[in-house]
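Visitor: Below is entry.pdb; it holds PDB, C-alpha atoms.
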```
MODEL        1
ATOM      1  CA  MET A  76       4.621  -6.953  16.382  1.00  0.00           C
ATOM      2  CA  ALA A  77       5.950 -10.281  15.153  1.00  0.00           C
ATOM      3  CA  LEU A  78       4.432 -13.469  16.494  1.00  0.00           C
ATOM      4  CA  GLY A  79       6.181 -16.800  16.835  1.00  0.00           C
ATOM      5  CA  THR A  80       9.353 -18.082  15.246  1.00  0.00           C
ATOM      6  CA  GLY A  81       7.996 -18.381  11.713  1.00  0.00           C
ATOM      7  CA  THR A  82       6.435 -14.925  11.677  1.00  0.00           C
ATOM      8  CA  ALA A  83       9.459 -13.269  13.299  1.00  0.00           C
ATOM      9  CA  LEU A  84      11.648 -14.732  10.572  1.00  0.00           C
ATOM     10  CA  TYR A  85       9.748 -12.622   8.009  1.00  0.00           C
ATOM     11  CA  ASP A  86       9.160  -9.591  10.289  1.00  0.00           C
ATOM     12  CA  LEU A  87       5.396  -9.931   9.974  1.00  0.00           C
ATOM     13  CA  ARG A  88       3.085  -7.637  11.922  1.00  0.00           C
ATOM     14  CA  PHE A  89      -0.378  -8.247  13.317  1.00  0.00           C
ATOM     15  CA  ASP A  90      -1.244  -5.007  15.088  1.00  0.00           C
ATOM     16  CA  ALA A  91      -3.698  -3.303  12.715  1.00  0.00           C
ATOM     17  CA  GLY A  92      -6.779  -4.556  14.540  1.00  0.00           C
ATOM     18  CA  ARG A  93      -8.297  -6.458  11.602  1.00  0.00           C
ATOM     19  CA  ILE A  94      -7.007  -9.369   9.574  1.00  0.00           C
ATOM     20  CA  CYS A  95      -7.670  -7.598   6.258  1.00  0.00           C
ATOM     21  CA  LEU A  96      -5.567  -4.632   7.442  1.00  0.00           C
ATOM     22  CA  ASP A  97      -2.819  -6.965   8.647  1.00  0.00           C
ATOM     23  CA  LEU A  98      -2.739  -8.282   5.082  1.00  0.00           C
ATOM     24  CA  LEU A  99      -2.179  -4.730   3.802  1.00  0.00           C
ATOM     25  CA  ALA A 100       0.829  -4.402   6.117  1.00  0.00           C
ATOM     26  CA  THR A 101       2.611  -7.244   4.305  1.00  0.00           C
ATOM     27  CA  ALA A 102       3.564  -4.852   1.502  1.00  0.00           C
ATOM     28  CA  HIS A 103       5.445  -2.347   3.720  1.00  0.00           C
ATOM     29  CA  PRO A 104       8.293  -1.538   3.790  1.00  0.00           C
ATOM     30  CA  ILE A 105       9.076  -4.482   1.490  1.00  0.00           C
ATOM     31  CA  GLU A 106       7.023  -7.184  -0.210  1.00  0.00           C
ATOM     32  CA  ARG A 107       6.623 -10.101   2.194  1.00  0.00           C
ATOM     33  CA  LEU A 108       4.245 -12.300   0.220  1.00  0.00           C
ATOM     34  CA  ASP A 109       6.565 -13.058  -2.671  1.00  0.00           C
ATOM     35  CA  ALA A 110       6.924 -16.755  -1.843  1.00  0.00           C
ATOM     36  CA  LEU A 111       5.091 -19.567  -0.075  1.00  0.00           C
ATOM     37  CA  PRO A 112       7.096 -19.737   3.200  1.00  0.00           C
ATOM     38  CA  PRO A 113       6.355 -16.147   4.287  1.00  0.00           C
ATOM     39  CA  LEU A 114       2.730 -16.467   3.145  1.00  0.00           C
ATOM     40  CA  CYS A 115       2.290 -19.657   5.190  1.00  0.00           C
ATOM     41  CA  ALA A 116       3.883 -17.895   8.179  1.00  0.00           C
ATOM     42  CA  TRP A 117       1.415 -15.032   7.714  1.00  0.00           C
ATOM     43  CA  ILE A 118      -1.566 -17.399   7.398  1.00  0.00           C
ATOM     44  CA  THR A 119      -0.600 -19.072  10.679  1.00  0.00           C
ATOM     45  CA  GLY A 120       0.400 -15.882  12.501  1.00  0.00           C
ATOM     46  CA  SER A 121      -2.793 -14.093  11.513  1.00  0.00           C
ATOM     47  CA  GLY A 122      -4.934 -16.839  13.029  1.00  0.00           C
ATOM     48  CA  LEU A 123      -6.477 -17.871   9.720  1.00  0.00           C
ATOM     49  CA  VAL A 124      -5.618 -21.430  10.749  1.00  0.00           C
ATOM     50  CA  PRO A 125      -5.064 -22.892  14.224  1.00  0.00           C
ATOM     51  CA  PRO A 126      -1.433 -23.226  15.391  1.00  0.00           C
ATOM     52  CA  GLY A 127       0.204 -26.355  14.040  1.00  0.00           C
ATOM     53  CA  THR A 128      -2.057 -26.632  10.993  1.00  0.00           C
ATOM     54  CA  PRO A 129       0.034 -28.116   8.158  1.00  0.00           C
ATOM     55  CA  LEU A 130       0.061 -26.066   4.970  1.00  0.00           C
ATOM     56  CA  THR A 131       2.198 -28.446   2.928  1.00  0.00           C
ATOM     57  CA  HIS A 132      -0.519 -28.570   0.259  1.00  0.00           C
ATOM     58  CA  ALA A 133      -0.180 -24.830  -0.452  1.00  0.00           C
ATOM     59  CA  GLY A 134       0.661 -24.188  -4.087  1.00  0.00           C
ATOM     60  CA  PRO A 135       2.693 -21.634  -6.029  1.00  0.00           C
ATOM     61  CA  SER A 136      -0.458 -19.710  -7.029  1.00  0.00           C
ATOM     62  CA  TRP A 137      -1.300 -18.829  -3.416  1.00  0.00           C
ATOM     63  CA  PRO A 138       1.012 -15.779  -2.964  1.00  0.00           C
ATOM     64  CA  LEU A 139      -0.344 -14.118  -6.114  1.00  0.00           C
ATOM     65  CA  ALA A 140      -3.949 -14.722  -5.038  1.00  0.00           C
ATOM     66  CA  PHE A 141      -3.290 -13.119  -1.648  1.00  0.00           C
ATOM     67  CA  ARG A 142      -1.467 -10.178  -3.245  1.00  0.00           C
ATOM     68  CA  GLU A 143      -4.369  -9.618  -5.660  1.00  0.00           C
ATOM     69  CA  LEU A 144      -6.883  -9.566  -2.804  1.00  0.00           C
ATOM     70  CA  ARG A 145      -4.562  -7.263  -0.873  1.00  0.00           C
ATOM     71  CA  GLY A 146      -4.522  -4.854  -3.815  1.00  0.00           C
ATOM     72  CA  SER A 147      -8.315  -4.711  -4.016  1.00  0.00           C
ATOM     73  CA  VAL A 148      -8.714  -4.239  -0.256  1.00  0.00           C
ATOM     74  CA  ARG A 149      -6.048  -1.520  -0.286  1.00  0.00           C
ATOM     75  CA  GLN A 150      -7.894   0.357  -3.038  1.00  0.00           C
ATOM     76  CA  LEU A 151     -11.189   0.267  -1.123  1.00  0.00           C
ATOM     77  CA  VAL A 152      -9.638   1.258   2.200  1.00  0.00           C
ATOM     78  CA  SER A 153      -7.630   4.048   0.566  1.00  0.00           C
ATOM     79  CA  GLY A 154     -10.733   5.301  -1.204  1.00  0.00           C
ATOM     80  CA  TRP A 155     -12.576   5.486   2.099  1.00  0.00           C
ATOM     81  CA  LEU A 156      -9.722   7.179   3.978  1.00  0.00           C
ATOM     82  CA  HIS A 157      -8.749   9.700   1.342  1.00  0.00           C
ATOM     83  CA  GLY A 158     -12.077  10.187  -0.432  1.00  0.00           C
ATOM     84  CA  GLU A 159     -10.478  10.057  -3.835  1.00  0.00           C
ATOM     85  CA  ALA A 160     -12.768  12.011  -6.148  1.00  0.00           C
ATOM     86  CA  ARG A 161     -10.991  10.688  -9.234  1.00  0.00           C
ATOM     87  CA  PRO A 162      -9.270   7.474  -8.200  1.00  0.00           C
ATOM     88  CA  THR A 163      -6.529   5.991 -10.340  1.00  0.00           C
ATOM     89  CA  TYR A 164      -8.198   2.577 -10.047  1.00  0.00           C
ATOM     90  CA  ASP A 165     -11.670   1.257 -10.742  1.00  0.00           C
ATOM     91  CA  PRO A 166     -13.471   1.105  -7.362  1.00  0.00           C
ATOM     92  CA  ALA A 167     -16.251  -1.022  -8.857  1.00  0.00           C
ATOM     93  CA  LEU A 168     -13.694  -3.588 -10.039  1.00  0.00           C
ATOM     94  CA  ALA A 169     -11.974  -3.683  -6.628  1.00  0.00           C
ATOM     95  CA  LEU A 170     -15.334  -4.095  -4.877  1.00  0.00           C
ATOM     96  CA  ALA A 171     -16.421  -6.833  -7.287  1.00  0.00           C
ATOM     97  CA  HIS A 172     -13.169  -8.711  -6.633  1.00  0.00           C
ATOM     98  CA  VAL A 173     -13.546  -8.552  -2.829  1.00  0.00           C
ATOM     99  CA  ASN A 174     -17.217  -9.602  -3.021  1.00  0.00           C
ATOM    100  CA  SER A 175     -16.380 -12.462  -5.376  1.00  0.00           C
ATOM    101  CA  VAL A 176     -13.616 -13.780  -3.107  1.00  0.00           C
ATOM    102  CA  ALA A 177     -15.912 -13.476  -0.059  1.00  0.00           C
ATOM    103  CA  ARG A 178     -18.427 -15.884  -1.631  1.00  0.00           C
ATOM    104  CA  ALA A 179     -16.321 -18.997  -1.032  1.00  0.00           C
ATOM    105  CA  ALA A 180     -17.034 -21.005   2.091  1.00  0.00           C
ATOM    106  CA  PRO A 181     -14.456 -20.375   4.832  1.00  0.00           C
ATOM    107  CA  PRO A 182     -12.575 -23.285   6.449  1.00  0.00           C
ATOM    108  CA  VAL A 183     -14.770 -25.417   8.718  1.00  0.00           C
ATOM    109  CA  PRO A 184     -13.549 -25.578  12.331  1.00  0.00           C
ATOM    110  CA  ARG A 185     -14.127 -28.416  14.752  1.00  0.00           C
ATOM    111  CA  ALA A 186     -13.349 -28.956  18.418  1.00  0.00           C
ATOM    112  CA  VAL A 187     -11.067 -31.868  19.353  1.00  0.00           C
ATOM    113  CA  HIS A 188      -9.539 -33.038  22.591  1.00  0.00           C
ATOM    114  CA  ALA A 189      -5.893 -32.142  23.142  1.00  0.00           C
ATOM    115  CA  ARG A 190      -3.552 -34.482  25.046  1.00  0.00           C
ATOM    116  CA  ASP A 191      -4.423 -32.724  28.313  1.00  0.00           C
ATOM    117  CA  GLY A 192      -8.144 -33.209  27.660  1.00  0.00           C
ATOM    118  CA  ALA A 193      -8.876 -29.564  26.864  1.00  0.00           C
ATOM    119  CA  LEU A 194     -10.859 -28.761  23.752  1.00  0.00           C
ATOM    120  CA  VAL A 195      -8.847 -27.101  20.987  1.00  0.00           C
ATOM    121  CA  ARG A 196      -9.759 -25.897  17.524  1.00  0.00           C
ATOM    122  CA  GLU A 197      -8.737 -27.764  14.388  1.00  0.00           C
ATOM    123  CA  LEU A 198      -9.905 -27.510  10.813  1.00  0.00           C
ATOM    124  CA  ASP A 199     -12.137 -30.214   9.444  1.00  0.00           C
ATOM    125  CA  ALA A 200     -10.001 -30.538   6.292  1.00  0.00           C
ATOM    126  CA  GLU A 201      -6.933 -29.038   4.668  1.00  0.00           C
ATOM    127  CA  PRO A 202      -7.740 -25.364   4.104  1.00  0.00           C
ATOM    128  CA  GLU A 203      -7.892 -24.440   0.444  1.00  0.00           C
ATOM    129  CA  CYS A 204      -6.614 -21.107  -0.804  1.00  0.00           C
ATOM    130  CA  ALA A 205     -10.106 -19.870  -1.765  1.00  0.00           C
ATOM    131  CA  ALA A 206     -11.428 -20.669   1.720  1.00  0.00           C
ATOM    132  CA  LEU A 207      -8.615 -18.751   3.432  1.00  0.00           C
ATOM    133  CA  LEU A 208      -9.000 -15.798   1.080  1.00  0.00           C
ATOM    134  CA  ALA A 209     -12.729 -15.778   1.824  1.00  0.00           C
ATOM    135  CA  VAL A 210     -12.050 -15.176   5.530  1.00  0.00           C
ATOM    136  CA  VAL A 211      -9.943 -12.110   4.704  1.00  0.00           C
ATOM    137  CA  ALA A 212     -12.420 -10.809   2.120  1.00  0.00           C
ATOM    138  CA  ARG A 213     -15.356 -11.240   4.517  1.00  0.00           C
ATOM    139  CA  ASP A 214     -13.411  -9.330   7.156  1.00  0.00           C
ATOM    140  CA  ALA A 215     -12.920  -6.501   4.646  1.00  0.00           C
ATOM    141  CA  VAL A 216     -16.639  -6.517   3.803  1.00  0.00           C
ATOM    142  CA  GLU A 217     -17.553  -6.377   7.495  1.00  0.00           C
ATOM    143  CA  LEU A 218     -15.045  -3.589   8.184  1.00  0.00           C
ATOM    144  CA  LEU A 219     -16.076  -1.413   5.262  1.00  0.00           C
ATOM    145  CA  THR A 220     -19.823  -1.822   5.863  1.00  0.00           C
ATOM    146  CA  ASP A 221     -19.705  -1.198   9.634  1.00  0.00           C
ATOM    147  CA  PRO A 222     -19.984   2.575  10.190  1.00  0.00           C
ATOM    148  CA  VAL A 223     -18.397   2.429  13.659  1.00  0.00           C
ATOM    149  CA  ALA A 224     -15.390   0.322  12.611  1.00  0.00           C
ATOM    150  CA  ARG A 225     -15.006   2.276   9.373  1.00  0.00           C
ATOM    151  CA  ALA A 226     -14.956   5.576  11.278  1.00  0.00           C
ATOM    152  CA  ALA A 227     -12.085   4.236  13.410  1.00  0.00           C
ATOM    153  CA  LEU A 228      -9.831   3.619  10.398  1.00  0.00           C
ATOM    154  CA  ARG A 229      -6.609   5.627  10.574  1.00  0.00           C
ATOM    155  CA  GLN A 230      -3.445   5.824   8.517  1.00  0.00           C
ATOM    156  CA  CYS A 231      -0.196   5.925  10.456  1.00  0.00           C
ATOM    157  CA  ALA A 232       1.149   9.454  11.010  1.00  0.00           C
ATOM    158  CA  GLY A 233       4.722   8.195  10.618  1.00  0.00           C
ATOM    159  CA  ASP A 234       6.809   9.535   7.745  1.00  0.00           C
ATOM    160  CA  ASN A 235       6.084   7.540   4.577  1.00  0.00           C
ATOM    161  CA  CYS A 236       4.174   4.847   6.483  1.00  0.00           C
ATOM    162  CA  PRO A 237       1.063   3.668   4.610  1.00  0.00           C
ATOM    163  CA  ILE A 238      -0.099   1.219   7.280  1.00  0.00           C
ATOM    164  CA  VAL A 239      -3.793   1.506   8.162  1.00  0.00           C
ATOM    165  CA  TYR A 240      -5.203   0.391  11.501  1.00  0.00           C
ATOM    166  CA  VAL A 241      -8.408   0.490  13.526  1.00  0.00           C
ATOM    167  CA  ASP A 242      -8.007   3.032  16.327  1.00  0.00           C
ATOM    168  CA  MET A 243      -9.521   1.466  19.434  1.00  0.00           C
ATOM    169  CA  SER A 244      -7.527   3.643  21.868  1.00  0.00           C
ATOM    170  CA  ARG A 245      -9.208   5.680  24.566  1.00  0.00           C
ATOM    171  CA  GLY A 246     -10.278   8.967  23.055  1.00  0.00           C
ATOM    172  CA  ARG A 247      -9.289   7.682  19.598  1.00  0.00           C
ATOM    173  CA  ARG A 248      -5.869   9.357  19.918  1.00  0.00           C
ATOM    174  CA  ARG A 249      -3.611   6.663  18.500  1.00  0.00           C
ATOM    175  CA  ARG A 250      -1.289   8.244  15.921  1.00  0.00           C
ATOM    176  CA  TRP A 251       0.990   5.437  14.799  1.00  0.00           C
ATOM    177  CA  CYS A 252       0.660   1.916  13.461  1.00  0.00           C
ATOM    178  CA  SER A 253       2.968   0.908  16.302  1.00  0.00           C
ATOM    179  CA  SER A 254       4.354   2.872  19.217  1.00  0.00           C
ATOM    180  CA  GLU A 255       7.479   0.696  19.048  1.00  0.00           C
ATOM    181  CA  VAL A 256       8.049   1.252  15.319  1.00  0.00           C
ATOM    182  CA  CYS A 257       6.810   4.588  13.945  1.00  0.00           C
ATOM    183  CA  GLY A 258       6.135   6.082  17.366  1.00  0.00           C
ATOM    184  CA  ASN A 259       9.687   5.393  18.456  1.00  0.00           C
ATOM    185  CA  ARG A 260      11.054   6.871  15.216  1.00  0.00           C
ATOM    186  CA  GLU A 261       9.062  10.047  15.835  1.00  0.00           C
ATOM    187  CA  ARG A 262      10.336  10.315  19.417  1.00  0.00           C
ATOM    188  CA  VAL A 263      13.947   9.859  18.256  1.00  0.00           C
ATOM    189  CA  ALA A 264      13.489  12.482  15.514  1.00  0.00           C
ATOM    190  CA  ARG A 265      11.944  14.902  18.017  1.00  0.00           C
ATOM    191  CA  HIS A 266      14.852  14.387  20.401  1.00  0.00           C
ATOM    192  CA  ARG A 267      17.367  15.029  17.616  1.00  0.00           C
ATOM    193  CA  ARG A 268      15.565  18.229  16.602  1.00  0.00           C
ATOM    194  CA  ARG A 269      15.617  19.506  20.197  1.00  0.00           C
ATOM    195  CA  ALA A 270      19.297  18.600  20.552  1.00  0.00           C
ATOM    196  CA  ALA A 271      20.134  20.401  17.283  1.00  0.00           C
ATOM    197  CA  LEU A 272      18.253  23.517  18.419  1.00  0.00           C
ATOM    198  CA  ALA A 273      20.078  23.475  21.762  1.00  0.00           C
ATOM    199  CA  ARG A 274      23.441  23.416  19.964  1.00  0.00           C
ATOM    200  CA  THR A 275      22.611  26.470  17.826  1.00  0.00           C
TER
ENDMDL
END
```
Here is the file; what I need is its structure written in the form of structure tokens.

Guide:
Amino acid sequence: MALGTGTALYDLRFDAGRICLDLLATAHPIERLDALPPLCAWITGSGLVPPGTPLTHAGPSWPLAFRELRGSVRQLVSGWLHGEARPTYDPALALAHVNSVARAAPPVPRAVHARDGALVRELDAEPECAALLAVVARDAVELLTDPVARAALRQCAGDNCPIVYVDMSRGRRRRWCSSEVCGNRERVARHRRRAALART
């Protein structure tokens, strides 16, 4: 599900149920955090910053920092889901990276009056990369240490889809990352199989 003009431009999705899992989705089916514009669109679309927050101060090191955190979170989530007895990565290193990133102070919000008089959220200062990363890392820490949320982690049942989401559906029966994306593909494939069988 793409949100807003900027996020739609990069086909960004925010339907995994957690911001740290939405970050994982930026690597499938293609790399989306290879430059600043799509990263800034993701930062805004994910709700890390309030709408309209300028990110003109973002630097060229930001995409790499987000990709590195994404890699560590992916390793920890994959380890939990698949119970890798002999992982091809160092789980202690991935955990140390997430914990280290989570230590930074997140951006400080403040309430301000909008033109119509309603209170809206703004950030107290320009958000630094470390502060934004800390929000994502803290979300990963909370997800992976909460037994209820952790038990609801699912990997999409779609062919070759690595997207992980939190299954909050009734009866915990959600099968796909998105009914419109992988779910629709499965329905089309099922229809084609039935049509092929009917022709034989």

Visitor: Suppose a student applies the PyMOL selection byres ((chain A and resi 170) around 12) to this structure; what residues should they get, written as a list in words?

Guide: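 Selection result, ordered by chain and number: Leu144, Arg145, Gly146, Ser147, Val148, Arg149, Gln150, Leu151, Val152, Gly154, Tyr164, Asp165, Pro166, Ala167, Leu168, Ala169, Ala171, His172, Val173, Asn174, Ser175, Val176, Ala177, Ala212, Arg213, Ala215, Val216, Leu219 and Thr220 of chain A.
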
Visitor: With the PyMOL selection byres ((chain A and resi 247-252) around 12) as the selection, what would be picked from this file? Answer as a PyMOL selection string, please.

Guide: chain A and resi 76+88-92+96-97+100+103+224+226-246+253-262

Visitor: Taking into account only C-alpha atoms, which residue in the set A:Glu143, A:Asp109, A:Asp221, A:Asp191 is nearest to Leu208 of chain A?

Guide: A:Glu143

Visitor: Pick the closest to Pro112 of chain A from A:Pro181, A:Gly158, A:Pro202, A:Gly134: which is it, counting all atoms listed in the file?

Guide: A:Gly134

Visitor: Which protein, DNA or RNA residues are at most 6 Å from (0.1, -24.0, 8.4) in the file's coordinates when you count all atoms listed in the file, listed as a compact mmCIF listing (two decimals) with C-alpha atoms, in the frame of the given file?

Guide:
```txt
# COMPACT_ATOMS: atom_id res chain seq x y z
CA CYS A 115 2.29 -19.66 5.19
CA THR A 119 -0.60 -19.07 10.68
CA THR A 128 -2.06 -26.63 10.99
CA PRO A 129 0.03 -28.12 8.16
CA LEU A 130 0.06 -26.07 4.97
```

Visitor: Between A:Ala186, A:Leu87, A:Ala102, A:Ala180, which is the closest to Val211 of chain A once you count all atoms listed in the file?

Guide: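 Distance minimum relative to Val211 of chain A lands on A:Ala180.
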
Visitor: Could you give me, as number ranges by chain, the residues within 8 Å of Val187 of chain A, counting only C-alpha atoms and dropping anything in the same chain fewer than 5 positions from it?

Guide: A: 194-197

Visitor: So what do you get for atom CA of Leu207 of chain A versus atom CA of Thr131 of chain A, distance-wise?

Guide: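 Computing it gives 14.5 Å between the two atoms.
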
Visitor: What does the structure give for the distance between atom CA of Ala200 of chain A and atom CA of Asp86 of chain A, in Å to one decimal?

Guide: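 One can read the atom CA of Ala200 of chain A to atom CA of Asp86 of chain A distance as 28.7 Å.
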
Visitor: Please write the residues picked by the PyMOL selection byres ((chain A and resi 114) around 10) on this file as JSON, numbers by chain.

Guide: {"A": [82, 85, 87, 101, 107, 108, 109, 110, 111, 112, 113, 115, 116, 117, 118, 119, 120, 133, 137, 138, 141, 142]}

Visitor: Could you write those residues out with C-alpha atoms, as a JSON list (two decimals), keeping the file's coordinate frame?

Guide:
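File again-v2.json, as written:
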```json
[["chain", "number", "residue", "atom", "x", "y", "z"],
["A", 82, "THR", "CA", 6.44, -14.92, 11.68],
["A", 85, "TYR", "CA", 9.75, -12.62, 8.01],
["A", 87, "LEU", "CA", 5.40, -9.93, 9.97],
["A", 101, "THR", "CA", 2.61, -7.24, 4.30],
["A", 107, "ARG", "CA", 6.62, -10.10, 2.19],
["A", 108, "LEU", "CA", 4.24, -12.30, 0.22],
["A", 109, "ASP", "CA", 6.56, -13.06, -2.67],
["A", 110, "ALA", "CA", 6.92, -16.76, -1.84],
["A", 111, "LEU", "CA", 5.09, -19.57, -0.08],
["A", 112, "PRO", "CA", 7.10, -19.74, 3.20],
["A", 113, "PRO", "CA", 6.36, -16.15, 4.29],
["A", 115, "CYS", "CA", 2.29, -19.66, 5.19],
["A", 116, "ALA", "CA", 3.88, -17.90, 8.18],
["A", 117, "TRP", "CA", 1.42, -15.03, 7.71],
["A", 118, "ILE", "CA", -1.57, -17.40, 7.40],
["A", 119, "THR", "CA", -0.60, -19.07, 10.68],
["A", 120, "GLY", "CA", 0.40, -15.88, 12.50],
["A", 133, "ALA", "CA", -0.18, -24.83, -0.45],
["A", 137, "TRP", "CA", -1.30, -18.83, -3.42],
["A", 138, "PRO", "CA", 1.01, -15.78, -2.96],
["A", 141, "PHE", "CA", -3.29, -13.12, -1.65],
["A", 142, "ARG", "CA", -1.47, -10.18, -3.24]]
```

Visitor: Suppose you want the space between atom CA of Arg190 of chain A and atom CA of Ala83 of chain A; what is it in Å?

Guide: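 Rounded to one decimal, the two atoms are 27.5 Å apart.
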
Visitor: Can you fill out segment 220-236 of chain A with N, CA and C atoms and hand it back as a CSV table (one decimal), keeping the file's coordinate frame?

Guide:
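out25.csv, freshly written:
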```csv
chain,number,residue,atom,x,y,z
A,220,THR,N,-18.4,-2.1,5.8
A,220,THR,CA,-19.8,-1.8,5.9
A,220,THR,C,-20.3,-1.5,7.3
A,221,ASP,N,-19.4,-1.5,8.2
A,221,ASP,CA,-19.7,-1.2,9.6
A,221,ASP,C,-19.3,0.3,9.9
A,222,PRO,N,-20.3,1.2,10.0
A,222,PRO,CA,-20.0,2.6,10.2
A,222,PRO,C,-19.1,2.9,11.4
A,223,VAL,N,-19.2,2.2,12.5
A,223,VAL,CA,-18.4,2.4,13.7
A,223,VAL,C,-16.9,2.0,13.4
A,224,ALA,N,-16.7,0.8,12.9
A,224,ALA,CA,-15.4,0.3,12.6
A,224,ALA,C,-14.7,1.2,11.5
A,225,ARG,N,-15.5,1.5,10.5
A,225,ARG,CA,-15.0,2.3,9.4
A,225,ARG,C,-14.6,3.7,9.8
A,226,ALA,N,-15.3,4.2,10.8
A,226,ALA,CA,-15.0,5.6,11.3
A,226,ALA,C,-13.7,5.5,12.1
A,227,ALA,N,-13.3,4.4,12.6
A,227,ALA,CA,-12.1,4.2,13.4
A,227,ALA,C,-10.8,3.9,12.6
A,228,LEU,N,-11.0,3.9,11.3
A,228,LEU,CA,-9.8,3.6,10.4
A,228,LEU,C,-8.9,4.8,10.4
A,229,ARG,N,-7.6,4.6,10.6
A,229,ARG,CA,-6.6,5.6,10.6
A,229,ARG,C,-5.4,5.2,9.8
A,230,GLN,N,-4.7,6.1,9.1
A,230,GLN,CA,-3.4,5.8,8.5
A,230,GLN,C,-2.4,6.3,9.4
A,231,CYS,N,-1.3,5.6,9.6
A,231,CYS,CA,-0.2,5.9,10.5
A,231,CYS,C,0.3,7.3,10.1
A,232,ALA,N,0.6,8.1,11.2
A,232,ALA,CA,1.1,9.5,11.0
A,232,ALA,C,2.7,9.5,10.8
A,233,GLY,N,3.3,8.3,10.8
A,233,GLY,CA,4.7,8.2,10.6
A,233,GLY,C,5.1,8.6,9.2
A,234,ASP,N,6.3,9.1,9.1
A,234,ASP,CA,6.8,9.5,7.7
A,234,ASP,C,6.8,8.4,6.8
A,235,ASN,N,6.1,8.5,5.7
A,235,ASN,CA,6.1,7.5,4.6
A,235,ASN,C,5.6,6.2,5.0
A,236,CYS,N,4.7,6.1,6.0
A,236,CYS,CA,4.2,4.8,6.5
A,236,CYS,C,2.7,4.8,6.0
```
